[in-house]
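Participant: Dropping in coords33.cif, which is mmCIF, C-alpha atoms (C1' of nucleotides):
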data_protein
loop_
_atom_site.label_atom_id
_atom_site.label_comp_id
_atom_site.auth_asym_id
_atom_site.auth_seq_id
_atom_site.Cartn_x
_atom_site.Cartn_y
_atom_site.Cartn_z
CA MET A 879 -2.39 -17.92 -12.91
CA LYS A 880 -5.34 -18.90 -10.73
CA LYS A 881 -7.21 -15.98 -9.21
CA ASP A 882 -6.92 -17.02 -5.57
CA VAL A 883 -3.20 -17.59 -6.01
CA GLN A 884 -2.91 -14.11 -7.41
CA HIS A 885 -4.83 -12.76 -4.46
CA GLU A 886 -2.61 -14.56 -1.96
CA LEU A 887 0.44 -13.41 -3.88
CA SER A 888 -0.65 -9.82 -3.59
CA ILE A 889 -1.13 -10.30 0.14
CA ILE A 890 2.34 -11.66 0.70
CA PHE A 891 3.97 -9.04 -1.51
CA LYS A 892 1.98 -6.27 0.13
CA LEU A 893 3.25 -7.57 3.42
CA LEU A 894 6.85 -7.44 2.25
CA GLY A 895 6.38 -4.06 0.62
CA SER A 896 6.98 -2.03 3.72
CA GLU A 897 10.34 -0.88 4.99
CA ARG A 898 9.24 -1.30 8.55
CA ARG A 899 8.08 -4.87 8.11
CA LEU A 900 11.24 -5.63 6.17
CA ALA A 901 13.23 -4.20 9.04
CA ILE A 902 11.34 -6.42 11.47
CA LEU A 903 11.95 -9.45 9.27
CA ALA A 904 15.63 -8.55 9.00
CA LEU A 905 15.84 -8.72 12.79
CA LEU A 906 13.97 -12.01 12.93
CA ARG A 907 16.24 -13.38 10.24
CA ASP A 908 19.08 -13.35 12.76
CA LYS A 909 17.18 -14.66 15.76
CA PRO A 910 13.75 -14.67 17.39
CA CYS A 911 12.92 -11.37 19.07
CA SER A 912 10.47 -10.17 21.65
CA VAL A 913 8.21 -7.27 20.85
CA SER A 914 10.12 -4.90 23.09
CA GLU A 915 13.43 -5.88 21.52
CA ILE A 916 11.98 -4.91 18.16
CA VAL A 917 10.60 -1.68 19.59
CA ASP A 918 14.02 -0.78 20.99
CA GLN A 919 16.06 -1.72 17.95
CA LEU A 920 13.85 -0.02 15.40
CA SER A 921 12.75 2.90 17.57
CA MET A 922 9.13 2.27 16.73
CA GLU A 923 6.11 2.67 18.95
CA GLN A 924 5.04 -0.46 20.71
CA SER A 925 1.58 -0.31 19.27
CA ALA A 926 2.80 0.10 15.73
CA VAL A 927 5.09 -2.89 16.14
CA SER A 928 2.26 -4.99 17.53
CA HIS A 929 0.01 -4.09 14.63
CA GLN A 930 2.68 -5.01 12.11
CA LEU A 931 3.40 -8.26 13.88
CA GLN A 932 -0.28 -9.04 13.86
CA MET A 933 -0.26 -8.90 10.06
CA LEU A 934 2.82 -11.06 9.80
CA ARG A 935 1.20 -13.53 12.18
CA GLU A 936 -2.05 -13.66 10.27
CA ALA A 937 -0.17 -14.33 7.07
CA GLN A 938 1.73 -17.11 8.86
CA VAL A 939 5.03 -15.47 8.09
CA VAL A 940 5.98 -15.56 11.76
CA THR A 941 5.05 -17.65 14.78
CA VAL A 942 4.66 -16.63 18.38
CA GLU A 943 5.90 -18.04 21.64
CA LYS A 944 5.21 -16.64 25.09
CA VAL A 945 8.11 -16.66 27.51
CA GLY A 946 7.27 -15.19 30.88
CA ARG A 947 5.60 -11.92 30.07
CA SER A 948 7.46 -11.44 26.83
CA VAL A 949 6.25 -12.63 23.48
CA TYR A 950 8.86 -13.92 21.08
CA TYR A 951 8.34 -13.82 17.35
CA GLN A 952 10.26 -15.88 14.87
CA LEU A 953 10.27 -16.51 11.14
CA ASN A 954 8.01 -19.38 10.29
CA ASP A 955 8.69 -19.73 6.69
CA SER A 956 11.71 -20.77 4.70
CA HIS A 957 9.97 -19.65 1.52
CA ILE A 958 10.04 -16.11 2.80
CA LEU A 959 13.78 -16.32 3.25
CA THR A 960 14.21 -17.61 -0.29
CA LEU A 961 11.94 -14.87 -1.49
CA LEU A 962 13.94 -12.22 0.32
CA ASN A 963 17.21 -13.59 -1.03
CA ASN A 964 15.94 -13.61 -4.59
CA ALA A 965 14.60 -10.15 -4.21
CA GLU A 966 17.95 -8.96 -2.93
CA HIS A 967 19.55 -10.35 -6.07
CA HIS A 968 17.08 -8.43 -8.14
CA VAL A 969 17.87 -5.26 -6.25
CA ASP A 970 21.61 -5.77 -6.64
CA HIS A 971 21.00 -6.19 -10.34
CA VAL A 972 19.03 -2.99 -10.63
CA LEU A 973 21.35 -0.97 -8.40
CA ARG A 974 24.35 -2.17 -10.41
CA GLN A 975 22.63 -1.30 -13.65
CA MET A 976 21.90 2.15 -12.26
CA SER A 977 25.48 2.81 -11.25
CA HIS A 978 26.58 1.44 -14.62
CA GLU A 979 24.26 3.89 -16.38
CA GLU A 980 25.57 6.71 -14.22
CA ALA A 981 29.09 5.76 -15.25
CA VAL A 982 28.08 5.75 -18.91
CA ALA A 983 26.28 9.07 -18.52
CA GLY A 984 29.41 10.42 -16.86
CA LYS A 985 31.60 9.34 -19.77
CA GLN A 986 29.19 10.81 -22.26
CA ALA A 987 29.25 14.12 -20.41
CA GLU A 988 33.04 13.97 -20.34
CA SER A 989 33.14 13.21 -24.04
CA GLN A 990 30.77 16.09 -24.79
CA GLU A 991 32.95 18.45 -22.81
CA LYS A 992 35.88 17.51 -25.04
CA HIS A 993 33.87 18.29 -28.13
CA GLN A 994 32.81 21.74 -26.93
CA MET B 1415 20.78 -5.78 5.44
CA LYS B 1416 21.95 -2.47 4.02
CA LYS B 1417 19.43 0.31 4.29
CA ASP B 1418 19.29 1.25 0.62
CA VAL B 1419 18.84 -2.40 -0.32
CA GLN B 1420 15.95 -2.56 2.12
CA HIS B 1421 14.48 0.53 0.57
CA GLU B 1422 14.74 -0.88 -2.95
CA LEU B 1423 13.32 -4.16 -1.73
CA SER B 1424 10.30 -2.41 -0.32
CA ILE B 1425 9.82 -0.65 -3.65
CA ILE B 1426 9.86 -3.84 -5.68
CA PHE B 1427 7.61 -5.69 -3.23
CA LYS B 1428 5.21 -2.78 -3.06
CA LEU B 1429 5.07 -2.92 -6.83
CA LEU B 1430 4.20 -6.61 -6.78
CA GLY B 1431 1.76 -6.18 -3.93
CA SER B 1432 -1.19 -5.24 -6.07
CA GLU B 1433 -3.61 -7.63 -7.71
CA ARG B 1434 -3.94 -5.39 -10.69
CA ARG B 1435 -0.24 -5.12 -11.33
CA LEU B 1436 0.10 -8.85 -10.79
CA ALA B 1437 -2.64 -9.37 -13.37
CA ILE B 1438 -0.77 -7.13 -15.80
CA LEU B 1439 2.45 -9.02 -15.18
CA ALA B 1440 0.62 -12.32 -15.66
CA LEU B 1441 -0.39 -11.15 -19.12
CA LEU B 1442 3.12 -9.96 -19.95
CA ARG B 1443 4.48 -13.24 -18.75
CA ASP B 1444 2.86 -14.89 -21.77
CA LYS B 1445 3.72 -12.29 -24.36
CA PRO B 1446 4.27 -8.56 -24.83
CA CYS B 1447 1.02 -6.59 -24.83
CA SER B 1448 -0.09 -3.18 -25.94
CA VAL B 1449 -1.83 -0.91 -23.49
CA SER B 1450 -5.21 -1.39 -25.10
CA GLU B 1451 -4.82 -5.19 -25.05
CA ILE B 1452 -4.27 -4.95 -21.32
CA VAL B 1453 -7.23 -2.60 -20.96
CA ASP B 1454 -9.47 -5.04 -22.82
CA GLN B 1455 -8.32 -8.20 -21.10
CA LEU B 1456 -8.46 -6.83 -17.57
CA SER B 1457 -11.44 -4.50 -18.07
CA MET B 1458 -9.55 -1.64 -16.52
CA GLU B 1459 -9.66 1.99 -17.48
CA GLN B 1460 -7.01 3.08 -19.92
CA SER B 1461 -5.73 5.73 -17.59
CA ALA B 1462 -5.43 3.36 -14.66
CA VAL B 1463 -3.49 0.91 -16.81
CA SER B 1464 -1.16 3.64 -18.01
CA HIS B 1465 -0.47 4.76 -14.45
CA GLN B 1466 0.33 1.23 -13.36
CA LEU B 1467 2.57 0.67 -16.36
CA GLN B 1468 4.36 3.89 -15.57
CA MET B 1469 5.32 2.49 -12.18
CA LEU B 1470 6.46 -0.79 -13.67
CA ARG B 1471 8.50 1.13 -16.24
CA GLU B 1472 10.13 3.38 -13.67
CA ALA B 1473 11.12 0.35 -11.65
CA GLN B 1474 12.59 -1.21 -14.81
CA VAL B 1475 10.33 -4.20 -14.47
CA VAL B 1476 9.04 -3.73 -18.00
CA THR B 1477 10.33 -2.13 -21.17
CA VAL B 1478 8.45 -0.25 -23.84
CA GLU B 1479 8.40 -0.41 -27.60
CA LYS B 1480 6.31 1.77 -29.89
CA VAL B 1481 4.74 0.03 -32.86
CA GLY B 1482 2.65 2.33 -35.01
CA ARG B 1483 0.44 4.12 -32.57
CA SER B 1484 0.39 1.27 -30.09
CA VAL B 1485 2.84 0.90 -27.26
CA TYR B 1486 3.94 -2.59 -26.39
CA TYR B 1487 5.11 -3.50 -22.94
CA GLN B 1488 7.15 -6.53 -22.06
CA LEU B 1489 8.81 -8.04 -19.04
CA ASN B 1490 12.34 -6.80 -18.74
CA ASP B 1491 13.51 -8.80 -15.87
CA SER B 1492 14.14 -12.48 -15.35
CA HIS B 1493 14.58 -11.86 -11.63
CA ILE B 1494 10.97 -10.82 -11.42
CA LEU B 1495 9.91 -14.11 -12.95
CA THR B 1496 12.01 -16.02 -10.45
CA LEU B 1497 10.54 -13.90 -7.70
CA LEU B 1498 7.01 -14.61 -8.86
CA ASN B 1499 7.70 -18.34 -9.09
CA ASN B 1500 9.14 -18.45 -5.59
CA ALA B 1501 6.26 -16.50 -4.26
CA GLU B 1502 3.83 -18.89 -5.87
CA HIS B 1503 5.54 -21.72 -4.03
CA HIS B 1504 5.07 -19.88 -0.79
CA VAL B 1505 1.42 -19.33 -1.55
CA ASP B 1506 0.89 -22.98 -2.41
CA HIS B 1507 2.48 -23.83 0.90
CA VAL B 1508 0.21 -21.51 2.85
CA LEU B 1509 -2.94 -22.48 0.97
CA ARG B 1510 -2.16 -26.16 1.52
CA GLN B 1511 -1.54 -25.58 5.20
CA MET B 1512 -4.84 -23.72 5.42
CA SER B 1513 -6.82 -26.50 3.81
CA HIS B 1514 -4.96 -28.96 6.05
CA GLU B 1515 -6.03 -26.99 9.11
CA GLU B 1516 -9.60 -26.85 7.85
CA ALA B 1517 -9.52 -30.61 7.49
CA VAL B 1518 -8.21 -30.99 11.03
CA ALA B 1519 -10.82 -28.55 12.35
CA GLY B 1520 -13.44 -30.55 10.51
CA LYS B 1521 -12.32 -33.80 12.13
CA GLN B 1522 -12.31 -32.17 15.55
CA ALA B 1523 -15.83 -30.91 15.05
CA GLU B 1524 -16.88 -34.38 13.91
CA SER B 1525 -15.24 -35.92 16.97
CA GLN B 1526 -16.97 -33.43 19.27
CA GLU B 1527 -20.32 -34.26 17.73
CA LYS B 1528 -19.78 -37.93 18.61
CA HIS B 1529 -19.09 -37.04 22.23
CA GLN B 1530 -22.24 -34.92 22.65
"C1'" DA C 201 -4.39 19.96 -42.89
"C1'" DC C 202 -8.06 17.45 -40.30
"C1'" DT C 203 -9.88 13.64 -37.73
"C1'" DA C 204 -9.58 9.59 -35.18
"C1'" DT C 205 -7.12 6.48 -32.29
"C1'" DA C 206 -3.65 5.05 -28.66
"C1'" DA C 207 -1.42 6.25 -24.82
"C1'" DA C 208 0.39 9.50 -21.21
"C1'" DT C 209 -0.11 12.82 -17.70
"C1'" DG C 210 -1.61 16.05 -13.83
"C1'" DA C 211 -4.72 16.97 -10.39
"C1'" DA C 212 -8.81 15.84 -7.60
"C1'" DA C 213 -11.45 12.33 -5.42
"C1'" DA C 214 -11.81 7.88 -3.45
"C1'" DT C 215 -9.87 4.11 -1.23
"C1'" DT C 216 -6.50 1.62 1.42
"C1'" DT C 217 -2.97 1.25 4.77
"C1'" DA C 218 -0.38 2.85 8.81
"C1'" DT C 219 0.14 5.22 12.99
"C1'" DT C 220 -1.31 7.00 17.17
"C1'" DC C 221 -3.95 7.19 21.29
"C1'" DA C 222 -6.52 5.22 24.78
"C1'" DT C 223 -7.47 1.24 26.95
"C1'" DA C 224 -7.61 -3.81 27.85
"C1'" DT C 225 -5.45 -8.21 29.07
"C1'" DA C 226 -2.29 -11.16 31.16
"C1'" DA C 227 1.54 -12.55 33.75
"C1'" DA C 228 5.27 -11.57 37.08
"C1'" DA C 229 6.93 -8.96 41.02
"C1'" DA C 230 6.22 -6.68 45.22
"C1'" DT D 604 -3.79 -8.78 46.14
"C1'" DT D 605 -2.10 -4.52 44.20
"C1'" DT D 606 1.30 -2.88 41.20
"C1'" DT D 607 4.17 -3.08 37.38
"C1'" DT D 608 5.64 -4.60 32.93
"C1'" DA D 609 4.82 -6.55 28.27
"C1'" DT D 610 1.85 -6.95 24.71
"C1'" DA D 611 -2.59 -6.60 22.18
"C1'" DT D 612 -6.46 -4.35 20.35
"C1'" DG D 613 -10.17 -1.02 18.73
"C1'" DA D 614 -11.16 3.31 17.08
"C1'" DA D 615 -9.76 7.79 15.31
"C1'" DT D 616 -6.50 10.21 12.67
"C1'" DA D 617 -2.95 10.69 9.39
"C1'" DA D 618 -0.56 9.34 5.34
"C1'" DA D 619 0.04 6.89 1.15
"C1'" DT D 620 -1.79 4.70 -2.87
"C1'" DT D 621 -5.09 4.12 -6.54
"C1'" DT D 622 -8.57 5.53 -9.50
"C1'" DT D 623 -11.01 8.72 -12.10
"C1'" DC D 624 -11.62 12.71 -14.90
"C1'" DA D 625 -10.07 16.08 -17.97
"C1'" DT D 626 -6.69 17.15 -20.93
"C1'" DT D 627 -2.49 16.58 -23.79
"C1'" DT D 628 0.68 14.40 -26.96
"C1'" DA D 629 1.79 11.71 -30.83
"C1'" DT D 630 0.88 9.12 -34.80
"C1'" DA D 631 -1.86 7.03 -38.56
"C1'" DG D 632 -5.48 7.46 -41.77
"C1'" DT D 633 -8.56 10.48 -44.61
#
Could the structure of this file be written out as structure tokens, please?

Facilitator:
Amino acid sequence: MKKDVQHELSIIFKLLGSERRLAILALLRDKPCSVSEIVDQLSMEQSAVSHQLQMLREAQVVTVEKVGRSVYYQLNDSHILTLLNNAEHHVDHVLRQMSHEEAVAGKQAESQEKHQ
Amino acid sequence: MKKDVQHELSIIFKLLGSERRLAILALLRDKPCSVSEIVDQLSMEQSAVSHQLQMLREAQVVTVEKVGRSVYYQLNDSHILTLLNNAEHHVDHVLRQMSHEEAVAGKQAESQEKHQ
DNA sequence: ACTATAAATGAAAATTTATTCATATAAAAA
DNA sequence: TTTTTATATGAATAAATTTTCATTTATAGT
């Protein structure tokens, strides 16, 4: 893998590796939102939201449009959506495996009880 | 998006959001590696590598196999590969757009020079 | 059994990232 | 034009992550 690609990759993953930014992106996935809509829905401070949006902007993950005195953000990037979808699959996979292992562990415990 | 999915997502993205871990994964993408192979190839400290591998292990991104006194790590997860590939596409897209914008900026500068 | 090598681990130190706070900017409303 | 509302931004603080250092564990070779 080329080094600058790796660097850019780490930037985009770093960006997605925050629950708050993921929450923002989840909102934007449905429809464009103004900053204050995001603030209200996620109960975050305005300044914190602005800082996060700044990062998403700089990485070209979202675009901006001024409407009156509001600023609307929207997803800019279909790749991000694909990425999120794939990642969700991965998570489903892991979560399922975990609950499967729990089930197995449960049966083992059960079986051990019988043998006591 | 469910909250626990979002949480897991942030974990996996956080994991991928590090150049060093990406470098490790790039090595493992080719073939399983022992800890000391990784240390040598990436010129990292042994302890740092071990800590990073611990995280990858705990997230079930890699699996471990002892061979003699070496410990070999390998990618466990095809989803991660897909994720990395998708992300590379995104990066290509952004990098291309950036160089496109540079080109445009260059032409504008050129054009402005003419008008001076 | 003793020594050397490979890797893991815990805790402290260093670095990075995120949040808050104070303030600035910009546009609409009064 | 002054006031209000929405957002942005810089700097300080707080929190999280990463690295380093010292030590431990485990295994192979002597």

Participant: Could you please tell me, as a short mmCIF file (atom, residue, chain, number, x, y, z; two decimals) with C-alpha atoms, in the coordinates of the input, which residues of chain A have an atom within 9 Å of chain C when using only C-alpha atoms (C1' of nucleotides)?

Facilitator:
data_model
loop_
_atom_site.label_atom_id
_atom_site.label_comp_id
_atom_site.auth_asym_id
_atom_site.auth_seq_id
_atom_site.Cartn_x
_atom_site.Cartn_y
_atom_site.Cartn_z
CA GLU A 923 6.11 2.67 18.95
CA SER A 925 1.58 -0.31 19.27
CA ALA A 926 2.80 0.10 15.73
CA GLY A 946 7.27 -15.19 30.88
CA ARG A 947 5.60 -11.92 30.07
#

Participant: Using all atoms listed in the file, list the residues that have an atom at most 9 Å from (-11.1, 10.3, -16.6), coordinates as in the file, as an MDAnalysis selection string.

Facilitator: (chainID B and resid 1459:1461) or (chainID D and resid 622:625)

Participant: Taking C-alpha atoms (C1' of nucleotides) for each residue, export the selection above as a CSV table (one decimal), in the coordinates of the input.

Facilitator:
chain,number,residue,atom,x,y,z
B,1459,GLU,CA,-9.7,2.0,-17.5
B,1460,GLN,CA,-7.0,3.1,-19.9
B,1461,SER,CA,-5.7,5.7,-17.6
D,622,DT,C1',-8.6,5.5,-9.5
D,623,DT,C1',-11.0,8.7,-12.1
D,624,DC,C1',-11.6,12.7,-14.9
D,625,DA,C1',-10.1,16.1,-18.0

Participant: From the options A:Val939, A:Leu973, A:Val913, A:Ile889, which residue's atoms come nearest to chain D, counting all atoms listed in the file?

Facilitator: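 Nearest to chain D: A:Val913.
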
Participant: When the PyMOL selection byres ((chain B) within 7 of (chain A)) is applied to the structure above, which residues does it catch, written out as JSON, numbers by chain?

Facilitator: {"B": [1415, 1419, 1420, 1421, 1422, 1423, 1424, 1425, 1427, 1428, 1430, 1431, 1432, 1433, 1436, 1440, 1493, 1497, 1500, 1501, 1502, 1504, 1505]}

Participant: From the set D:DT621, D:DT604, D:DT627, D:DT612, which residue has the shortest atom-to-atom contact distance to chain B, counting only C-alpha atoms (C1' of nucleotides)?

Facilitator: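 Among the listed residues, D:DT621 lies closest to chain B.
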
Participant: Figure out the distance between atom CA of B:Leu1442 and atom CA of B:Leu1489, please, to one decimal in Å.

Facilitator: 6.1 Å

Participant: Can you build me a table of chain D residues sitting at most 8 Å from chain B, with the closest atom pair per residue and its distance in Å to one decimal, using all atoms listed in the file, sorted by chain and residue number, as CSV?

Facilitator:
residue,atom,partner,partner_atom,distance
D:DT622,C1',B:Ala1462,CA,6.4
D:DA629,C1',B:Arg1483,CA,7.9
D:DT630,C1',B:Arg1483,CA,5.5
D:DA631,C1',B:Arg1483,CA,7.0

Participant: Can you sort out the box for stretch 203-208 of chain C, edges along x, y and z, all listed atoms in, 3 Å on every side, with centre and edge lengths in Å to one decimal, as AutoDock Vina command-line options?

Facilitator:
--center_x -4.7 --center_y 9.3 --center_z -29.5 --size_x 16.3 --size_y 14.6 --size_z 22.5

Participant: Take atom C1' of D:DT626 and atom CA of B:Arg1471 and report the distance between them in Å, one decimal.

Facilitator: 22.6 Å

Participant: Work out how far atom CA of B:His1514 is from atom C1' of D:DA611, in Å to one decimal.

Facilitator: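 Interatomic distance here is 27.7 Å.
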